[in-house]
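What follows is the content of protein31.txt, which has compact mmCIF, C-alpha atoms:
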```
# COMPACT_ATOMS: atom_id res chain seq x y z
CA MET A 8 101.74 118.45 115.27
CA SER A 9 99.50 118.85 112.28
CA SER A 10 100.72 122.07 110.76
CA PHE A 11 97.87 122.18 108.22
CA ARG A 12 94.84 122.15 110.25
CA ARG A 13 93.54 123.83 113.11
CA PHE A 14 93.42 124.31 116.85
CA LEU A 15 92.97 121.30 119.11
CA PRO A 16 91.31 122.39 122.38
CA VAL A 17 92.96 121.36 125.65
CA VAL A 18 89.98 119.25 126.60
CA VAL A 19 90.42 117.20 123.42
CA LEU A 20 94.15 116.86 124.05
CA VAL A 21 93.41 115.48 127.52
CA ALA A 22 90.85 113.10 126.10
CA VAL A 23 93.30 111.88 123.49
CA THR A 24 95.99 111.39 126.13
CA SER A 25 93.67 109.22 128.20
CA ALA A 26 92.82 107.20 125.08
CA ALA A 27 96.41 106.79 123.94
CA CYS A 28 96.11 103.01 123.96
CA LYS A 29 93.21 103.07 121.51
CA LYS A 30 94.51 102.25 118.05
CA VAL A 31 92.79 103.82 115.07
CA PRO A 32 91.39 100.87 113.09
CA ASP A 33 92.40 100.03 109.56
CA ALA A 34 89.86 101.19 107.00
CA PRO A 35 87.81 98.66 105.03
CA SER A 36 89.38 97.99 101.66
CA THR A 37 87.47 100.49 99.52
CA PHE A 38 87.99 103.54 101.74
CA HIS A 39 91.49 102.33 102.57
CA ASP A 40 92.55 102.50 98.93
CA LEU A 41 90.46 105.40 97.65
CA CYS A 42 91.94 108.16 99.81
CA ALA A 43 95.41 107.75 98.32
CA TYR A 44 93.87 107.13 94.89
CA VAL A 45 92.09 110.50 94.94
CA TYR A 46 95.23 112.31 96.13
CA GLU A 47 97.39 110.67 93.48
CA HIS A 48 95.00 111.35 90.58
CA HIS A 49 94.42 114.99 91.53
CA PRO A 50 96.91 116.40 88.96
CA ASP A 51 95.58 114.29 86.04
CA GLU A 52 94.75 116.42 82.99
CA ASP A 53 91.81 114.11 82.30
CA SER A 54 89.72 113.89 85.47
CA THR A 55 87.85 110.73 84.40
CA ALA A 56 89.78 108.45 86.77
CA LEU A 57 89.44 110.92 89.61
CA ALA A 58 85.68 111.29 89.07
CA THR A 59 85.32 107.51 89.06
CA GLY A 60 87.21 107.31 92.32
CA LEU A 61 85.00 109.99 93.89
CA ASP A 62 81.86 108.13 92.77
CA GLU A 63 83.22 104.99 94.40
CA LEU A 64 83.99 106.99 97.53
CA ALA A 65 80.45 108.42 97.68
CA SER A 66 78.98 104.97 97.19
CA TRP A 67 81.04 103.50 100.02
CA LEU A 68 80.35 106.39 102.40
CA GLY A 69 76.61 106.02 101.80
CA GLY A 70 76.71 102.85 103.87
CA HIS A 71 79.62 103.54 106.25
CA LEU A 72 79.53 107.22 107.16
CA GLU A 73 78.92 106.80 110.89
CA GLU A 74 81.96 104.61 111.52
CA ALA A 75 84.12 106.67 109.15
CA GLY A 76 83.51 109.65 111.42
CA ASP A 77 85.59 107.95 114.12
CA GLY A 78 88.64 107.75 111.85
CA TYR A 79 90.50 105.01 110.03
CA GLN A 80 94.06 104.16 109.17
CA VAL A 81 94.29 104.18 105.36
CA GLY A 82 96.72 103.25 102.61
CA ILE A 83 99.81 105.39 102.13
CA LEU A 84 100.88 107.48 99.16
CA SER A 85 103.25 105.92 96.65
CA GLN A 86 106.88 106.94 96.37
CA GLU A 87 106.12 108.03 92.80
CA THR A 88 103.51 110.45 94.10
CA MET A 89 105.89 111.88 96.69
CA ASP A 90 108.57 112.35 94.03
CA SER A 91 106.13 114.19 91.76
CA LEU A 92 105.13 116.90 94.26
CA ASP A 93 108.11 119.21 93.76
CA GLU A 94 111.89 119.24 93.55
CA GLN A 95 112.42 118.32 97.21
CA ASP A 96 113.82 114.93 98.15
CA ARG A 97 110.85 113.09 99.68
CA THR A 98 110.09 109.62 100.96
CA ALA A 99 107.04 107.49 101.66
CA GLU A 100 109.04 105.21 103.95
CA GLY A 101 107.50 104.99 107.39
CA MET A 102 104.41 106.94 106.30
CA VAL A 103 101.15 106.72 108.25
CA GLY A 104 97.81 107.55 106.63
CA LEU A 105 94.71 108.52 108.63
CA ALA A 106 91.29 109.59 107.35
CA VAL A 107 87.95 110.85 108.65
CA ALA A 108 84.63 111.32 106.81
CA GLN A 109 81.65 113.29 108.11
CA GLU A 110 78.47 114.85 106.78
CA ALA A 111 78.49 118.61 106.13
CA GLN A 112 75.29 120.63 106.01
CA HIS A 113 76.63 123.48 103.88
CA SER A 114 77.18 123.51 100.15
CA VAL A 115 80.40 122.57 98.39
CA ASP A 116 80.62 126.12 97.04
CA ASP A 117 80.25 127.78 100.46
CA ALA A 118 82.82 125.53 102.10
CA THR A 119 85.24 126.09 99.23
CA CYS A 120 84.74 129.85 99.23
CA ALA A 121 85.40 130.02 102.97
CA LEU A 122 88.65 128.08 102.66
CA VAL A 123 89.88 129.84 99.53
CA LEU A 124 88.87 133.49 99.98
CA LYS A 125 88.49 134.12 103.70
CA ASP A 126 91.27 134.97 106.10
CA GLN A 127 91.73 131.66 107.88
CA SER A 128 92.44 133.44 111.16
CA GLN A 129 88.80 134.61 111.02
CA LEU A 130 87.50 131.08 110.53
CA PHE A 131 89.85 129.61 113.13
CA PRO A 132 90.83 132.53 115.40
CA ASP A 133 92.42 130.34 118.06
CA SER A 134 94.55 128.45 115.59
CA PHE A 135 97.08 130.93 114.26
CA SER A 136 99.33 133.59 115.66
CA ASP A 137 100.26 134.35 112.05
CA TYR A 138 98.61 133.43 108.74
CA GLN A 139 99.50 134.59 105.24
CA ARG A 140 98.56 133.30 101.81
CA ASP A 141 99.95 133.80 98.32
CA TYR A 142 97.70 132.99 95.35
CA LEU A 143 99.61 131.37 92.51
CA SER A 144 96.57 131.60 90.19
CA ASP A 145 93.27 133.51 90.08
CA PRO A 146 91.04 132.72 93.11
CA ASP A 147 87.99 134.60 91.79
CA CYS A 148 88.07 132.67 88.53
CA PHE A 149 88.20 129.44 90.53
CA ILE A 150 85.39 130.33 92.93
CA GLU A 151 83.17 131.33 89.97
CA HIS A 152 83.93 127.95 88.32
CA GLY A 153 85.58 129.74 85.41
CA CYS A 154 88.84 127.90 86.18
CA LEU A 155 89.07 124.27 87.21
CA ARG A 156 92.23 124.68 89.29
CA LEU A 157 93.76 126.99 91.86
CA GLU A 158 97.13 126.92 93.63
CA THR A 159 98.22 128.77 96.76
CA LEU A 160 100.99 128.88 99.31
CA GLU A 161 100.06 129.15 102.98
CA TYR A 162 102.49 130.46 105.61
CA LEU A 163 101.29 129.33 109.02
CA THR A 164 102.29 129.77 112.61
CA SER A 165 99.97 127.33 114.36
CA GLU A 166 99.38 127.44 118.10
CA PHE A 167 98.51 124.42 120.22
CA PRO A 168 97.75 123.75 123.88
CA LEU A 169 100.58 123.61 126.43
CA GLY A 170 102.57 126.32 124.60
CA LEU A 171 103.29 124.20 121.54
CA SER A 172 103.68 125.90 118.15
CA SER A 173 104.56 125.03 114.56
CA VAL A 174 105.79 127.18 111.66
CA SER A 175 105.18 125.77 108.20
CA VAL A 176 104.61 126.44 104.51
CA ALA A 177 101.95 124.41 102.69
CA HIS A 178 101.51 124.17 98.91
CA ASN A 179 97.79 123.87 98.16
CA GLN A 180 96.07 122.68 95.00
CA TYR A 181 92.29 122.96 94.55
CA LEU A 182 90.23 121.31 91.81
CA TRP A 183 86.58 121.17 90.73
CA VAL A 184 85.53 117.69 89.60
CA GLU A 185 82.23 116.69 88.01
CA THR A 186 80.85 113.51 89.56
CA SER A 187 77.61 111.58 89.17
CA THR A 188 76.19 113.34 92.26
CA GLY A 189 77.31 116.88 91.39
CA THR A 190 80.39 119.08 91.42
CA ALA A 191 82.96 118.12 94.05
CA MET A 192 85.91 120.15 95.28
CA VAL A 193 89.13 118.30 95.96
CA GLN A 194 91.98 120.03 97.76
CA ARG A 195 95.36 118.48 98.34
CA ASN A 196 98.46 119.96 99.89
CA TRP A 197 101.87 119.11 101.23
CA GLN A 198 104.47 120.67 103.47
CA VAL A 199 107.12 122.41 101.36
CA GLU A 200 109.70 121.67 104.07
CA PRO A 201 109.51 119.95 107.45
CA PRO A 202 107.64 122.22 109.89
CA GLU A 203 109.65 124.07 112.52
CA VAL A 204 108.30 123.00 115.89
CA ASN A 205 109.13 123.84 119.48
CA PHE A 206 108.36 120.31 120.65
CA SER A 207 111.01 117.93 119.33
CA TRP A 208 109.13 114.88 120.59
CA MET A 209 106.63 115.36 117.74
CA GLU A 210 108.83 116.33 114.80
CA VAL A 211 107.48 115.66 111.30
CA ASP A 212 109.63 115.00 108.22
CA GLN A 213 106.87 114.80 105.57
CA GLN A 214 103.20 115.64 105.58
CA ALA A 215 100.43 115.63 102.96
CA TYR A 216 96.72 116.37 103.29
CA LEU A 217 93.53 115.69 101.33
CA ASN A 218 90.27 117.63 101.79
CA VAL A 219 87.20 116.61 99.76
CA PHE A 220 83.71 118.11 99.64
CA LEU A 221 81.53 115.66 97.73
CA PRO A 222 77.76 116.03 97.09
CA ARG A 223 75.72 113.16 98.46
CA GLY A 224 73.18 113.42 95.67
CA THR A 225 70.24 113.78 98.07
CA GLY A 226 69.24 117.21 99.37
CA SER A 227 71.97 119.66 100.31
CA ALA A 228 74.09 117.35 102.47
CA VAL A 229 77.73 116.87 101.50
CA PHE A 230 80.33 114.25 102.35
CA HIS A 231 83.39 115.88 103.89
CA VAL A 232 86.43 113.62 103.68
CA GLN A 233 89.86 114.43 105.12
CA ALA A 234 93.02 112.37 105.03
CA GLN A 235 96.50 113.11 106.29
CA TRP A 236 99.73 111.25 105.57
CA THR A 237 102.67 111.81 107.88
CA VAL A 238 106.27 110.64 108.06
CA TYR A 239 107.45 111.29 111.59
CA SER A 240 111.06 111.97 112.50
CA GLN A 241 113.01 108.89 113.46
CA ASP A 242 113.71 110.64 116.75
CA ASN A 243 109.99 110.90 117.51
CA ASP A 244 109.34 109.05 120.77
CA VAL A 245 105.60 109.70 121.12
CA PRO A 246 103.47 106.52 121.45
CA GLU A 247 102.05 105.61 118.06
CA ASN A 248 98.44 105.43 119.20
CA PHE A 249 98.67 108.84 120.86
CA ALA A 250 99.86 110.41 117.61
CA PHE A 251 97.17 108.60 115.61
CA ASN A 252 94.34 109.77 117.85
CA LEU A 253 95.69 113.30 117.99
CA VAL A 254 95.57 113.61 114.18
CA VAL A 255 92.07 112.11 113.97
CA ASN A 256 90.75 114.51 116.61
CA TYR A 257 92.42 117.38 114.80
CA MET A 258 90.58 116.64 111.55
CA GLN A 259 87.29 116.14 113.37
CA ASP A 260 87.70 119.54 115.04
CA PHE A 261 88.45 121.21 111.70
CA HIS A 262 85.16 119.91 110.32
CA VAL A 263 83.21 121.19 113.33
CA ALA A 264 84.87 124.62 113.27
CA LEU A 265 84.12 125.14 109.58
CA GLU A 266 80.50 124.07 110.01
CA GLU A 267 80.09 126.45 112.95
CA TRP A 268 81.57 129.37 111.00
CA LEU A 269 79.21 128.73 108.10
CA ASP A 270 76.28 128.33 110.51
CA GLU A 271 77.03 131.71 112.01
CA ASN A 272 77.63 133.52 108.73
CA GLY A 273 74.89 131.86 106.72
CA SER A 274 77.15 131.43 103.69
CA CYS A 275 80.60 132.37 102.48
CA ASP A 276 79.22 135.82 101.66
CA GLY A 277 78.22 136.37 105.26
```

Let me see whether you can do it: turn the structure in this file into structure tokens.
Amino acid sequence: MSSFRRFLPVVVLVAVTSAACKKVPDAPSTFHDLCAYVYEHHPDEDSTALATGLDELASWLGGHLEEAGDGYQVGILSQETMDSLDEQDRTAEGMVGLAVAQEAQHSVDDATCALVLKDQSQLFPDSFSDYQRDYLSDPDCFIEHGCLRLETLEYLTSEFPLGLSSVSVAHNQYLWVETSTGTAMVQRNWQVEPPEVNFSWMEVDQQAYLNVFLPRGTGSAVFHVQAQWTVYSQDNDVPENFAFNLVVNYMQDFHVALEEWLDENGSCDG
């Protein structure tokens, strides 16, 4: 279902199915509002508002990280934001926003380098039967902090349990942001067109994703925040809570897989 991010093991899918009646709770007000705020201010030429939002996010997570790891339903993106993404006709009507925050043990730079420079099929070998990427600006300049922004297009064929697959194109934007606790990396993306899926019961019309690596300000630990906003097809007949829990588990698994890759390789240079 989530054409951005990564393989969901069968055991997790079974667990989610058995927990289909468990509704993802609404986020407390600060986290609820800040996820969309960060996504919407990402393209600002002046990053002051974005940095302020990230500082607020770090402050809130300092006291709520454990519960945020279980996932929350968060505020949706505005129609103005959807209209600004590209020339496609988009809507925020019927959108669902979900977010997860966890602690990462690797640096912002290493996590960013792995996601920007490495072949994603190496990081997530069970996730893709095909993965290609086009850089729309200079990745080396970005990784070396010589450029604040980077844009890419990802062409993904994602594989899921039970023979499910999804073909999609994601437009990615990456940004370095100076915050009071250090340099953060904020990635946002969106599906260029609705993904092509072989399971019509889970069709998606619109999808956007936020991925934030934010220094905690103490030691080397980093806040890793993910949010996904989805507009499902009107023909989608999957129970709402099943879909919610599936997305949350998907983002949790992405965090674990990236941490494990960096553990094994020592750093992005490994």

Mind checking which residues fall within 10 Å of Glu87 in chain A, counting only C-alpha atoms, ignoring those fewer than 4 positions away in the same chain, and posting them as a list in words?
->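 With the cut-off at 10 Å, the set is Glu47, Ser91, Leu92, Arg97, Thr98 and Ala99 of chain A.
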
May I have the residues from that selection written out with C-alpha atoms, as a PDB file, in the coordinates of the input?
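Heads up, here's the output in again00.pdb:
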```pdb
ATOM      1  CA  GLU A  47      97.390 110.670  93.480  1.00  0.00           C
ATOM      2  CA  SER A  91     106.130 114.190  91.760  1.00  0.00           C
ATOM      3  CA  LEU A  92     105.130 116.900  94.260  1.00  0.00           C
ATOM      4  CA  ARG A  97     110.850 113.090  99.680  1.00  0.00           C
ATOM      5  CA  THR A  98     110.090 109.620 100.960  1.00  0.00           C
ATOM      6  CA  ALA A  99     107.040 107.490 101.660  1.00  0.00           C
TER       7      ALA A  99
END
```

What's around Cys120 in chain A at 10 Å? Count only C-alpha atoms, leave out sequence neighbours fewer than 2 positions away in its own chain, and write the answer as a short mmCIF file (atom, residue, chain, number, x, y, z; two decimals) with C-alpha atoms, in the coordinates of the input.
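part07.cif was written with the following content:
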```
data_model
loop_
_atom_site.label_atom_id
_atom_site.label_comp_id
_atom_site.auth_asym_id
_atom_site.auth_seq_id
_atom_site.Cartn_x
_atom_site.Cartn_y
_atom_site.Cartn_z
CA SER A 114 77.18 123.51 100.15
CA VAL A 115 80.40 122.57 98.39
CA ASP A 116 80.62 126.12 97.04
CA ASP A 117 80.25 127.78 100.46
CA ALA A 118 82.82 125.53 102.10
CA LEU A 122 88.65 128.08 102.66
CA VAL A 123 89.88 129.84 99.53
CA LEU A 124 88.87 133.49 99.98
CA LYS A 125 88.49 134.12 103.70
CA PRO A 146 91.04 132.72 93.11
CA ASP A 147 87.99 134.60 91.79
CA PHE A 149 88.20 129.44 90.53
CA ILE A 150 85.39 130.33 92.93
CA GLU A 151 83.17 131.33 89.97
CA SER A 274 77.15 131.43 103.69
CA CYS A 275 80.60 132.37 102.48
CA ASP A 276 79.22 135.82 101.66
#
```

Within 12 Å of range 65-85 of chain A, which residues of range 172-205 of chain A come that close, and what is the closest atom pair and distance in Å for each? Count only C-alpha atoms and give it as a tab-separated table.
```
residue	atom	partner	partner_atom	distance
A:Thr186	CA	A:Ala65	CA	9.6
A:Ser187	CA	A:Ala65	CA	9.5
A:Thr188	CA	A:Ala65	CA	8.5
A:Gly189	CA	A:Ala65	CA	11.0
A:Ala191	CA	A:Ala65	CA	10.7
A:Trp197	CA	A:Leu84	CA	11.9
```

A:Met258, A:Leu64, A:Ala250, A:Leu171: which is nearest Val103 in chain A, counting all atoms listed in the file?
->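 Checking each of A:Met258, A:Leu64, A:Ala250, A:Leu171 against Val103 in chain A, counting all atoms listed in the file, the winner is A:Ala250.
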
Proximity to Glu166 in chain A - best of A:Gln194, A:His113, A:Cys154, A:Pro132, all atoms listed in the file =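 The shortest atom-to-atom distance to Glu166 in chain A comes from A:Pro132.
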
Can you pull out the residues contacting His48 in chain A? Cut-off 10 Å, using only C-alpha atoms, and skip same-chain residues under 4 positions away; I want them as an mmCIF file with C-alpha atoms, keeping the file's coordinate frame.
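Saved to result28.cif:
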```cif
data_model
loop_
_atom_site.group_PDB
_atom_site.id
_atom_site.type_symbol
_atom_site.label_atom_id
_atom_site.label_comp_id
_atom_site.auth_asym_id
_atom_site.auth_seq_id
_atom_site.Cartn_x
_atom_site.Cartn_y
_atom_site.Cartn_z
ATOM 1 C CA ALA A 43 95.410 107.750 98.320
ATOM 2 C CA TYR A 44 93.870 107.130 94.890
ATOM 3 C CA GLU A 52 94.750 116.420 82.990
ATOM 4 C CA ASP A 53 91.810 114.110 82.300
ATOM 5 C CA SER A 54 89.720 113.890 85.470
ATOM 6 C CA THR A 55 87.850 110.730 84.400
ATOM 7 C CA ALA A 56 89.780 108.450 86.770
ATOM 8 C CA LEU A 57 89.440 110.920 89.610
ATOM 9 C CA ALA A 58 85.680 111.290 89.070
ATOM 10 C CA GLY A 60 87.210 107.310 92.320
ATOM 11 C CA THR A 88 103.510 110.450 94.100
#
```

Quick one: residues within 6 Å of range 201-214 of chain A, only C-alpha atoms counted, chain neighbours fewer than 3 positions away excluded, as a ChimeraX atom specification?
-> /A:172-175,197-198,236-240,243-244

Nearest candidate to Tyr46 in chain A (options A:Val107, A:Ala264, A:Leu269, A:Leu182; using only C-alpha atoms) | A:Leu182

Pick from A:Leu143, A:Ala106, A:Ala177, A:Met89, whichever lies nearest to Ala234 in chain A using only C-alpha atoms =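 Result for the nearest residue to Ala234 in chain A: A:Ala106.
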
Quick one: distance from CA of Val254 in chain A to CA of Asn218 in chain A in Å, one decimal?
->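 So the two atoms, CA of Val254 in chain A and CA of Asn218 in chain A, lie 14.1 Å apart.
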
Would you mind reading off the distance between CA of Ala228 in chain A and CA of Ala111 in chain A, one decimal, in Å?
->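 Those two atoms sit 5.9 Å apart.
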